[in-house]
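Note sheet for the following structure.
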Amino acid sequence: MNGSREALFAFAQTVIDPGKPGATVVCPNPFYQIYEGAALLSGAQPYFAPSVAERNFAVDWDSVPDEVWKRTQLIFVCSPGNPTGAVMPLSEWEKLFALSDKYGFVIASDECYSEIYFRDEAPLGGLEAATRLGRTDFKRLMMFTSLSKRSNVPGMRSGFVAGDAELIKSFLLYRTYHGGAMSPTIQQASIAAWNDEQHVVENRALYRQKFAEITPMLAKVMDVALPDASFYLWAGVPQSLGMSDTEFAKALLAQYNVTVLPGSYLAREANGINPGAQRVRMALVAETAECREAAERIVKFIQSRT
Ligand SMILES: Cc1ncc(COP(=O)(O)O)c(C=O)c1O
């Protein structure tokens, strides 16, 4: 596929039956914005399950009421998570598989950050979790990943899906009509990138170095910690500034030329709270020196106002 974004979107179109009353897609909140658009355009309504600091950013699946699970046809999970970097443990997978068995929904597992991690062990993926739990038919499970993060080539548009053979059949049928074929040049470059692990190890080492340097700099002035994985810092805007996340991001850009994403844009208000409010997402993708300079400016900005 041409990256995982189109696959996440297209997959929802193949899974959702909008003819069934109350078609629902459960998403984490905050979340990668494609999930919501995919749900809406497939004719379903999204239902948001919060992921907040108090639970170490684990999604609170228990907060989803029974009557919502009953009409749920698809859930998106994102591990390592964007923007929180949280990784789902086996126990969480076990819970989701049990819910999927009970209610019949499909699990779309977005794993495109799986190769950028800070612990010794690679994050547990959906297929591995299923295998460990004896679910080797991967029933109602599909995983999505791409070269974009692992090889730092988001513009190349190359990814793949794997999982339940039945689901792949209907996905393939949909792509026969809607999916653009990948150019042979990109195919060849993709094969080379997927077959080489050395550059991925080096890429990960660069991220580890960068996060080890930048996180403590920012932790002096913001509520921020090294995530399990991914290339984001999901930082709290200091209350003492008296600014919303949007005001903070705007002022930082206007006065210090540093771009961060307001967390409230990455989440929706659900049950009276926007779990992204008062946080910002910082992508540490640029070279270390550039990230260091941006972090220094953020520190200066916050110190000048407190
Ligand atoms: C969580 C998540 N999933 C999927 C994607 C899509 O990436 P791509 O289409 O490049 O594979 C992104 C890109 O930022 C992302 O953050």
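Every chain in the structure tokens has a letter given in the order shown (A, B, ...), and although residue numbers restart at 1 in each chain, ligands are simply numbered from 1 in the order shown.
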
Using only C-alpha atoms, which protein or nucleic acid residues come within 9 Å of Ala130 in chain A? Drop anything in the same chain fewer than 6 positions from it, and give the result as number ranges by chain. A: 90, 93-94, 97, 136-139, 141

Keeping only C-alpha atoms, write those residues as an mmCIF file, in the first residue's frame.
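The resulting file, part_9.cif, is shown below:
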data_model
loop_
_atom_site.group_PDB
_atom_site.id
_atom_site.type_symbol
_atom_site.label_atom_id
_atom_site.label_comp_id
_atom_site.auth_asym_id
_atom_site.auth_seq_id
_atom_site.Cartn_x
_atom_site.Cartn_y
_atom_site.Cartn_z
ATOM 1 C CA LEU A 90 -0.362 -8.175 26.694
ATOM 2 C CA TRP A 93 -4.603 -7.023 24.201
ATOM 3 C CA GLU A 94 -6.222 -9.876 26.096
ATOM 4 C CA PHE A 97 -9.605 -9.769 22.177
ATOM 5 C CA THR A 136 -3.048 -17.793 15.350
ATOM 6 C CA ASP A 137 -5.927 -17.251 12.917
ATOM 7 C CA PHE A 138 -5.754 -13.515 13.850
ATOM 8 C CA LYS A 139 -9.549 -13.502 13.773
ATOM 9 C CA LEU A 141 -7.472 -8.449 13.697
#

Can I get the residues close to ligand 1 as a ChimeraX atom specification, where close means within 6 Å and we count only C-alpha atoms and all ligand atoms? /A:3-5,32,82,110,112,146,148,154,157,159

List every residue of range 21-70 of chain A that has an atom at most 7 Å from any atom of range 270-284 of chain A, giving for each one its closest atom pair and the distance in Å to one decimal, counting only C-alpha atoms, sorted by chain and then by ascending residue number, as a Markdown table.
| residue | atom | partner | partner_atom | distance |
| --- | --- | --- | --- | --- |
| A:Asn29 | CA | A:Pro275 | CA | 6.7 |
| A:Pro30 | CA | A:Gly276 | CA | 5.9 |
| A:Phe48 | CA | A:Ala270 | CA | 6.6 |
| A:Pro50 | CA | A:Pro275 | CA | 6.5 |
| A:Ser51 | CA | A:Pro275 | CA | 6.9 |
| A:Val52 | CA | A:Pro275 | CA | 6.2 |

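Computed from the coordinates, the CA of Thr246 in chain A to CA of Pro262 in chain A distance equals 5.2 Å.
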
Give me, as a VMD selection string, the residues of range 79-225 of chain A that a backbone DSSP run labels helix (DSSP H, G or I). chain A and resid 90 to 103 126 to 132 147 to 150 154 to 156 165 to 178 184 to 195 198 to 219

Take the residues from that selection and write them out as a compact mmCIF listing (two decimals), in the first residue's frame, keeping C-alpha atoms.
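As a result, selection.txt now contains:
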# COMPACT_ATOMS: atom_id res chain seq x y z
CA LEU A 90 -0.36 -8.18 26.69
CA SER A 91 -3.08 -7.80 29.35
CA GLU A 92 -4.65 -4.94 27.37
CA TRP A 93 -4.60 -7.02 24.20
CA GLU A 94 -6.22 -9.88 26.10
CA LYS A 95 -8.99 -7.55 27.23
CA LEU A 96 -9.59 -6.27 23.68
CA PHE A 97 -9.61 -9.77 22.18
CA ALA A 98 -12.17 -10.85 24.78
CA LEU A 99 -14.34 -7.83 23.95
CA SER A 100 -13.96 -8.52 20.21
CA ASP A 101 -15.05 -12.15 20.77
CA LYS A 102 -18.02 -11.00 22.83
CA TYR A 103 -19.25 -8.21 20.58
CA GLY A 126 -1.04 -7.08 17.78
CA LEU A 127 -0.07 -10.16 15.78
CA GLU A 128 2.50 -11.19 18.37
CA ALA A 129 0.00 -10.65 21.19
CA ALA A 130 -2.54 -12.78 19.31
CA THR A 131 0.04 -15.51 18.73
CA ARG A 132 1.06 -15.54 22.40
CA LEU A 147 8.36 2.56 6.18
CA SER A 148 7.60 6.19 7.02
CA LYS A 149 8.88 6.18 10.60
CA ARG A 150 11.15 3.14 10.63
CA PRO A 154 7.25 9.49 4.95
CA GLY A 155 7.25 10.86 1.41
CA MET A 156 7.94 7.47 -0.12
CA ALA A 165 -7.20 -13.61 5.87
CA GLU A 166 -10.95 -12.98 5.47
CA LEU A 167 -10.51 -9.29 6.21
CA ILE A 168 -7.61 -9.06 3.78
CA LYS A 169 -9.84 -10.49 1.03
CA SER A 170 -12.44 -7.72 1.32
CA PHE A 171 -9.72 -5.09 1.75
CA LEU A 172 -8.02 -6.31 -1.43
CA LEU A 173 -11.33 -6.18 -3.30
CA TYR A 174 -11.86 -2.58 -2.20
CA ARG A 175 -8.30 -1.66 -3.21
CA THR A 176 -8.84 -3.23 -6.63
CA TYR A 177 -11.21 -0.34 -7.33
CA HIS A 178 -9.93 2.42 -5.14
CA PRO A 184 7.81 -0.16 -9.61
CA THR A 185 10.57 2.26 -8.59
CA ILE A 186 9.07 2.67 -5.13
CA GLN A 187 8.49 -1.06 -4.93
CA GLN A 188 12.18 -1.72 -5.50
CA ALA A 189 13.26 0.95 -3.02
CA SER A 190 10.74 -0.43 -0.48
CA ILE A 191 12.08 -3.96 -0.85
CA ALA A 192 15.60 -2.66 -0.15
CA ALA A 193 14.41 -0.68 2.90
CA TRP A 194 12.35 -3.54 4.37
CA ASN A 195 15.24 -5.95 3.90
CA GLN A 198 20.99 -1.73 9.99
CA HIS A 199 19.59 1.67 9.06
CA VAL A 200 16.62 1.06 11.38
CA VAL A 201 18.94 0.27 14.30
CA GLU A 202 20.93 3.44 13.54
CA ASN A 203 17.77 5.53 13.18
CA ARG A 204 16.52 4.25 16.54
CA ALA A 205 19.89 4.98 18.17
CA LEU A 206 19.71 8.57 16.88
CA TYR A 207 16.22 8.99 18.35
CA ARG A 208 17.35 7.52 21.68
CA GLN A 209 20.25 9.95 21.87
CA LYS A 210 18.03 12.87 20.94
CA PHE A 211 15.31 12.02 23.48
CA ALA A 212 17.92 11.40 26.21
CA GLU A 213 19.21 14.92 25.65
CA ILE A 214 16.02 16.87 24.98
CA THR A 215 13.58 15.31 27.48
CA PRO A 216 15.44 16.42 30.65
CA MET A 217 15.88 19.93 29.21
CA LEU A 218 12.13 20.31 28.78
CA ALA A 219 11.26 18.42 31.99

So that I can check the surroundings of Gly37 in chain A, please list as number ranges by chain every protein, DNA and RNA residue that reaches within 12 Å of it, counting only C-alpha atoms and ignoring chain neighbours fewer than 2 positions away. A: 5-6, 8-10, 12-13, 25, 27, 31-35, 39-46

Convert the current residue selection to file output with C-alpha atoms, as a short mmCIF file (atom, residue, chain, number, x, y, z; two decimals), in the first residue's frame.
data_model
loop_
_atom_site.label_atom_id
_atom_site.label_comp_id
_atom_site.auth_asym_id
_atom_site.auth_seq_id
_atom_site.Cartn_x
_atom_site.Cartn_y
_atom_site.Cartn_z
CA ARG A 5 -2.88 6.26 6.18
CA GLU A 6 -4.76 5.24 3.04
CA LEU A 8 -6.45 2.76 7.72
CA PHE A 9 -9.02 4.82 5.86
CA ALA A 10 -9.84 2.19 3.23
CA ALA A 12 -12.83 1.15 7.67
CA GLN A 13 -14.78 1.43 4.41
CA VAL A 25 -16.12 2.96 15.62
CA CYS A 27 -11.12 5.34 18.89
CA PHE A 31 -5.83 9.98 18.32
CA TYR A 32 -4.42 10.01 14.79
CA GLN A 33 -7.01 12.09 12.96
CA ILE A 34 -7.59 9.64 10.11
CA TYR A 35 -9.57 7.31 12.41
CA ALA A 39 -15.36 6.32 10.65
CA LEU A 40 -17.53 9.22 9.50
CA LEU A 41 -17.05 8.57 5.78
CA SER A 42 -17.87 4.90 6.22
CA GLY A 43 -21.21 5.95 7.72
CA ALA A 44 -20.34 5.19 11.36
CA GLN A 45 -20.08 7.43 14.40
CA PRO A 46 -16.84 7.57 16.39
#

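In this model, the gap between CA of Phe118 in chain A and CA of Arg292 in chain A comes to 18.6 Å.
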
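For the choices A:Val59, A:Gly104, A:Glu36, A:Ala86, the atom-to-atom distance to Pro123 in chain A is smallest for A:Ala86 when using only C-alpha atoms.
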
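The environment of Val106 in chain A within 8 Å, counting only C-alpha atoms and disregarding residues fewer than 3 places along the same chain, consists of Val15, Gln73, Leu74, Ile75, Ser100, Arg140, Leu141 and Met142 of chain A.
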
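Minimum atom-to-atom distance to Leu233 in chain A, evaluated using only C-alpha atoms, belongs to A:Cys291 out of A:Arg119, A:Cys291, A:Lys250, A:Val153.
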
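Atom pair CA of Ala254 in chain A / CA of Gly81 in chain A has a distance of 28.9 Å (rounded to one decimal).
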
Using the chain letters and numbers from this document, which residues of range 20-253 of chain A does DSSP assign to strand (DSSP E), as a PyMOL selection string? chain A and resi 24-29+45-50+72-78+106-110+141-146+159-163+232-236

Just checking: using only C-alpha atoms, which residue out of A:Ala229, A:Ile16, A:Leu261, A:Ala249 ends up closest to Ile302 in chain A? A:Ala249
